[in-house]
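Participant: Just passing along the structure, written as structure tokens.
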Amino acid sequence: MQNRAIAAMFNDIADMLEIKGESPFRITAYRRAARALEGLTEDVAAIAARGELEEIPGIGKGTAEKIQEFLRTGTSKYYEELRASLPPGITTLMSVPEVGPRTAMLLYERLGIKTIDELEQACKAGKVRKLPRMGERTEENILKGIALLRRTKERLPIGQVLPHAQELVAALRGVKEVNQVSVAGSLRRMKESIGDIDILVTSANPEPVMEVFTTFGRVKQVLAKGSTRSSVVLDVGIQADVRVVEPESFGAALQYFTGSKDHNVKLREKAVKKGLKINEYGVFHVQDDRRIAGRTEEEVYAAVGLPWIPPEIREDQGEIELAERAGLPKLIELGDMHGDLQMHTRWSDGSDSVEAMAKAAKALGYEYLAITDHSQSLKFVGGVTVDELREHARAAKKASDKVGIAVLMGTECDILPDGRLDYPDDALRDLDVVVCSVHSRLRMPRQEMTARIVKAMENRHTDILGHPTGRLLGQREAYEIDLEQLIDAALRTGTALEINASPQRLDLNDVQAKTAKERGAQLVISTDAHNRYQLKYMEFGIGIARRAWIEATNVLNTLPLVQLQAWLHER
DNA sequence: GCCGTTTTCGGCCCGACTGTTTTCAGTCG
């Protein structure tokens, strides 16, 4: 898949055009093309082969040609020429907050600055303040920006961010002057990585709100504190912003700050055509500035003739067009889940008993859970041997009776390097649920790895393929596999594909899950919990599924127990 | 560069803030 590489090239082109002061519309066109590629659920090479590139919204003649050229040659002549015309690396200066294209170019032309380190030196030496439209304050701000950049280098995985955001929201709810509170931004859209935490509040008296926010226990640094907006950096290295708005603007502000940017742009374009204007304060008639909506998001969408669109799909991936035709999917919700089909106990590498997991699952309102400890060859996590399986099953039965919830006896069976499963058939036959996953020999060549997994899926006892790509967020790349072939195999064999909800994994990811859904594959959402608290990871899996436009009917473990068992038996 | 029941040419989303300026360019979200 070259999708990301080509998107990166288009973004680079956009950065360089910005520095050169080209038409802003051309620049956004390249950025839109980049985002269109990132959002594709299919390999762009396949689309190109069918000659359908220009049917992708945001891709036109020019970008299509450059995609074709990249697929042929691995680059684009236009791109290389642009790069040659600018000092190498100058676009990295733009990653410093406060430094945009104009400043980057100015710094280079007047001071020869090409790197962030050089910029830091120049600021400290007081050279930057001598440039036109620059001063001492600017210099200080650039230094602050560099420090911030180094602290909050990258987006953080949602699993690290959401708990802090929830704590913050809870703290703000506790302020008696606060009326409404909501997270916004990419966190509300449940993206797998988060750049900063956005929180929106309504209150008649912002002062105490800001006081609580800026003195919150995890705040490491206060960047700004005002009456309508404050910014802090949390100890985990992420920025958090809170904004206080009027109640009549809450919906408009929530819509505005939830994004995505592309979604909002399209929404406002629609508004313009109706003689309306949308901003963070509300929806207004252009002619007389009369406000017609803003208190709730529903009002805002209704003002442009649309139903409310769930935040997770606000990515300008066709959701607005579908909403116009009243064709939005009914996205899956946490409450649709009837059980959890992958978790571990002390029988292998989990830290709770079967009974404790059963109790926790029952407390979540589930009808069933599957205990899926590791299989025998995974000795380093204490995999369950064939001999132990029977005793393990008795423990599951006992917990089931005691707690009063259906405990399915299962395994997360290792897929051996040759594609065989780690238990013999007669052991697998006795289990209720068989999840199969790869845990060893991760660096196989693509075709070999794909064939290995397909072979495992072809085993008649395999019910579910666990964490299909094997990635660990921020730690390990996915193994080399051909996902299309895995989906083919899933359809052919009736094997379900897992959306692993563990925030370290989120595997399948949103784009892959959307592909699988569109192709009609059966999906499951499982937490892979290793203790009872991690059963709550389901919310991350639901987030991924919603981003993938998945409905309850696409997901096996939304079924009531009886129907789930029927599905398992048919296999 | 993209796009079209307002257009194949002429548009293209909106506003706040800041620091440097005497009216606004640049950056950000």
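We label chains A, B, ... in the order they appear in the structure tokens, count residues from 1 in each chain, and number ligands from 1 in the order shown.
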Would you list, as number ranges by chain, the residues of range 168-391 of chain A that end up in alpha helix (DSSP H) under DSSP run on this structure's backbone?
Facilitator: A: 168-173, 185-188, 206-214, 250-258, 261-273, 297-303, 319-324, 354-363, 386-391
Participant: With only C-alpha atoms (C1' of nucleotides) considered, list every residue of chain A at most 7 Å from chain B, as a list in words.
Facilitator: Phe25, Arg26, Ala29, Gly58, Gly60, Gly62, Glu98, Gly100, Arg133, Met134, Val265, Arg268, Glu269 and Asn279 of chain A
Participant: Report, in Å to a single decimal, how far apart CA of Thr527 in chain A and CA of Asp425 in chain A are.
Facilitator: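 Spanning CA of Asp425 in chain A to CA of Thr527 in chain A is a straight-line distance of 26.1 Å.
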Participant: As a ChimeraX atom specification, please: the residues near Ile371 in chain A (cut-off 10 Å, only C-alpha atoms (C1' of nucleotides), same-chain neighbours under 6 positions excluded).
Facilitator: /A:340-345,347,354,357-358,392-393,396,407-412,432-434,528-529
Participant: For Leu223 in chain A, work out the shell of residues within 10 Å, counting only C-alpha atoms (C1' of nucleotides) and skipping chain neighbours fewer than 6 positions away, then give it as a list in words.
Facilitator: Lys144, Leu148, Thr214, Ser230, Ser231, Val232, Val233, Gln239, Ala240 and Asp241 of chain A
Participant: What is the distance between CA of Asn11 in chain A and CA of Arg31 in chain A, in Å to one decimal?
Facilitator: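 Those two atoms sit 5.6 Å apart.
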Participant: Rounded to one decimal in Å, what is the spacing between CA of Asp15 in chain A and CA of Arg110 in chain A?
Facilitator: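 Between CA of Asp15 in chain A and CA of Arg110 in chain A the gap works out to 19.8 Å.
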Participant: Please return, as a PyMOL selection string, all residues of range 303-526 of chain A that DSSP assigns to strand (DSSP E) on the basis of the backbone.
Facilitator: chain A and resi 339-340+368-374+406-414+433-437+464-465+496-500+523-526
Participant: Show which residues sit within 9 Å of Phe540 in chain A, as a ChimeraX atom specification. Count only C-alpha atoms (C1' of nucleotides), and ignore same-chain residues fewer than 3 positions away.
Facilitator: /A:158-159,190,192,500-503,506,527,536-537,543-545
Participant: Would you save the residues of that selection, restricted to C-alpha atoms, as a PDB file, in the first residue's frame?
Facilitator:
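File produced: part07.pdb:
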ATOM      1  CA  ILE A 158      -6.047   7.519  22.775  1.00  0.00           C
ATOM      2  CA  GLY A 159      -5.642   4.976  25.561  1.00  0.00           C
ATOM      3  CA  MET A 190     -12.343   8.615  18.962  1.00  0.00           C
ATOM      4  CA  GLU A 192      -6.632   6.360  17.689  1.00  0.00           C
ATOM      5  CA  ASN A 500      -9.094  -5.876  19.288  1.00  0.00           C
ATOM      6  CA  ALA A 501     -10.187  -3.098  21.631  1.00  0.00           C
ATOM      7  CA  SER A 502      -7.074  -3.026  23.764  1.00  0.00           C
ATOM      8  CA  PRO A 503      -5.732   0.523  23.427  1.00  0.00           C
ATOM      9  CA  LEU A 506      -6.774  -1.262  18.178  1.00  0.00           C
ATOM     10  CA  THR A 527     -11.082  -6.395  24.765  1.00  0.00           C
ATOM     11  CA  LYS A 536     -13.807  -1.537  29.988  1.00  0.00           C
ATOM     12  CA  TYR A 537     -11.550  -1.285  26.958  1.00  0.00           C
ATOM     13  CA  GLY A 543     -14.900   3.851  18.925  1.00  0.00           C
ATOM     14  CA  ILE A 544     -12.969   2.100  16.161  1.00  0.00           C
ATOM     15  CA  ALA A 545     -16.087   0.293  14.983  1.00  0.00           C
TER      16      ALA A 545
END
Participant: My list of candidates is A:Ile199, A:Gly318, A:Arg547, A:Glu248. Which is closest to Lys330 in chain A when distances are computed with only C-alpha atoms?
Facilitator: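 Once distances to Lys330 in chain A are computed over only C-alpha atoms, the minimum belongs to A:Arg547.
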Participant: Can you list, as a PDB file with N, CA and C atoms, in the first residue's frame, every protein, DNA or RNA residue that comes within 8 Å of Asn557 in chain A when you count only C-alpha atoms (C1' of nucleotides), leaving out same-chain residues fewer than 3 positions away?
Facilitator:
ATOM      1  N   MET A 337     -23.549  -4.412  22.989  1.00  0.00           N
ATOM      2  CA  MET A 337     -22.672  -5.561  23.211  1.00  0.00           C
ATOM      3  C   MET A 337     -23.288  -6.516  24.226  1.00  0.00           C
ATOM      4  N   HIS A 338     -23.342  -7.781  23.852  1.00  0.00           N
ATOM      5  CA  HIS A 338     -23.890  -8.790  24.751  1.00  0.00           C
ATOM      6  C   HIS A 338     -22.805  -9.588  25.465  1.00  0.00           C
ATOM      7  N   GLY A 339     -21.565  -9.424  25.037  1.00  0.00           N
ATOM      8  CA  GLY A 339     -20.500 -10.179  25.691  1.00  0.00           C
ATOM      9  C   GLY A 339     -19.148  -9.827  25.119  1.00  0.00           C
ATOM     10  N   ASP A 340     -18.139 -10.421  25.729  1.00  0.00           N
ATOM     11  CA  ASP A 340     -16.751 -10.145  25.348  1.00  0.00           C
ATOM     12  C   ASP A 340     -16.107 -11.489  25.015  1.00  0.00           C
ATOM     13  N   LEU A 341     -15.473 -11.573  23.856  1.00  0.00           N
ATOM     14  CA  LEU A 341     -15.026 -12.884  23.382  1.00  0.00           C
ATOM     15  C   LEU A 341     -13.513 -13.086  23.394  1.00  0.00           C
ATOM     16  N   VAL A 524     -15.965  -9.235  15.195  1.00  0.00           N
ATOM     17  CA  VAL A 524     -16.220  -9.252  16.638  1.00  0.00           C
ATOM     18  C   VAL A 524     -15.428  -8.100  17.252  1.00  0.00           C
ATOM     19  N   ILE A 525     -15.885  -7.611  18.377  1.00  0.00           N
ATOM     20  CA  ILE A 525     -15.114  -6.611  19.117  1.00  0.00           C
ATOM     21  C   ILE A 525     -14.805  -7.208  20.479  1.00  0.00           C
ATOM     22  N   PRO A 560     -27.539 -12.125  21.121  1.00  0.00           N
ATOM     23  CA  PRO A 560     -27.862 -12.801  22.378  1.00  0.00           C
ATOM     24  C   PRO A 560     -27.189 -14.174  22.404  1.00  0.00           C
ATOM     25  N   LEU A 564     -25.656 -16.573  19.383  1.00  0.00           N
ATOM     26  CA  LEU A 564     -24.204 -16.716  19.282  1.00  0.00           C
ATOM     27  C   LEU A 564     -23.841 -18.197  19.272  1.00  0.00           C
TER      28      LEU A 564
END
Participant: Which neighbours of Tyr108 in chain A fall inside 12 Å, counting only C-alpha atoms (C1' of nucleotides), when residues of the same chain fewer than 3 positions from it are skipped, and could you give them as an MDAnalysis selection string?
Facilitator: chainID A and resid 19 86:94 99 101:105 111:116 118:119 122 128 131
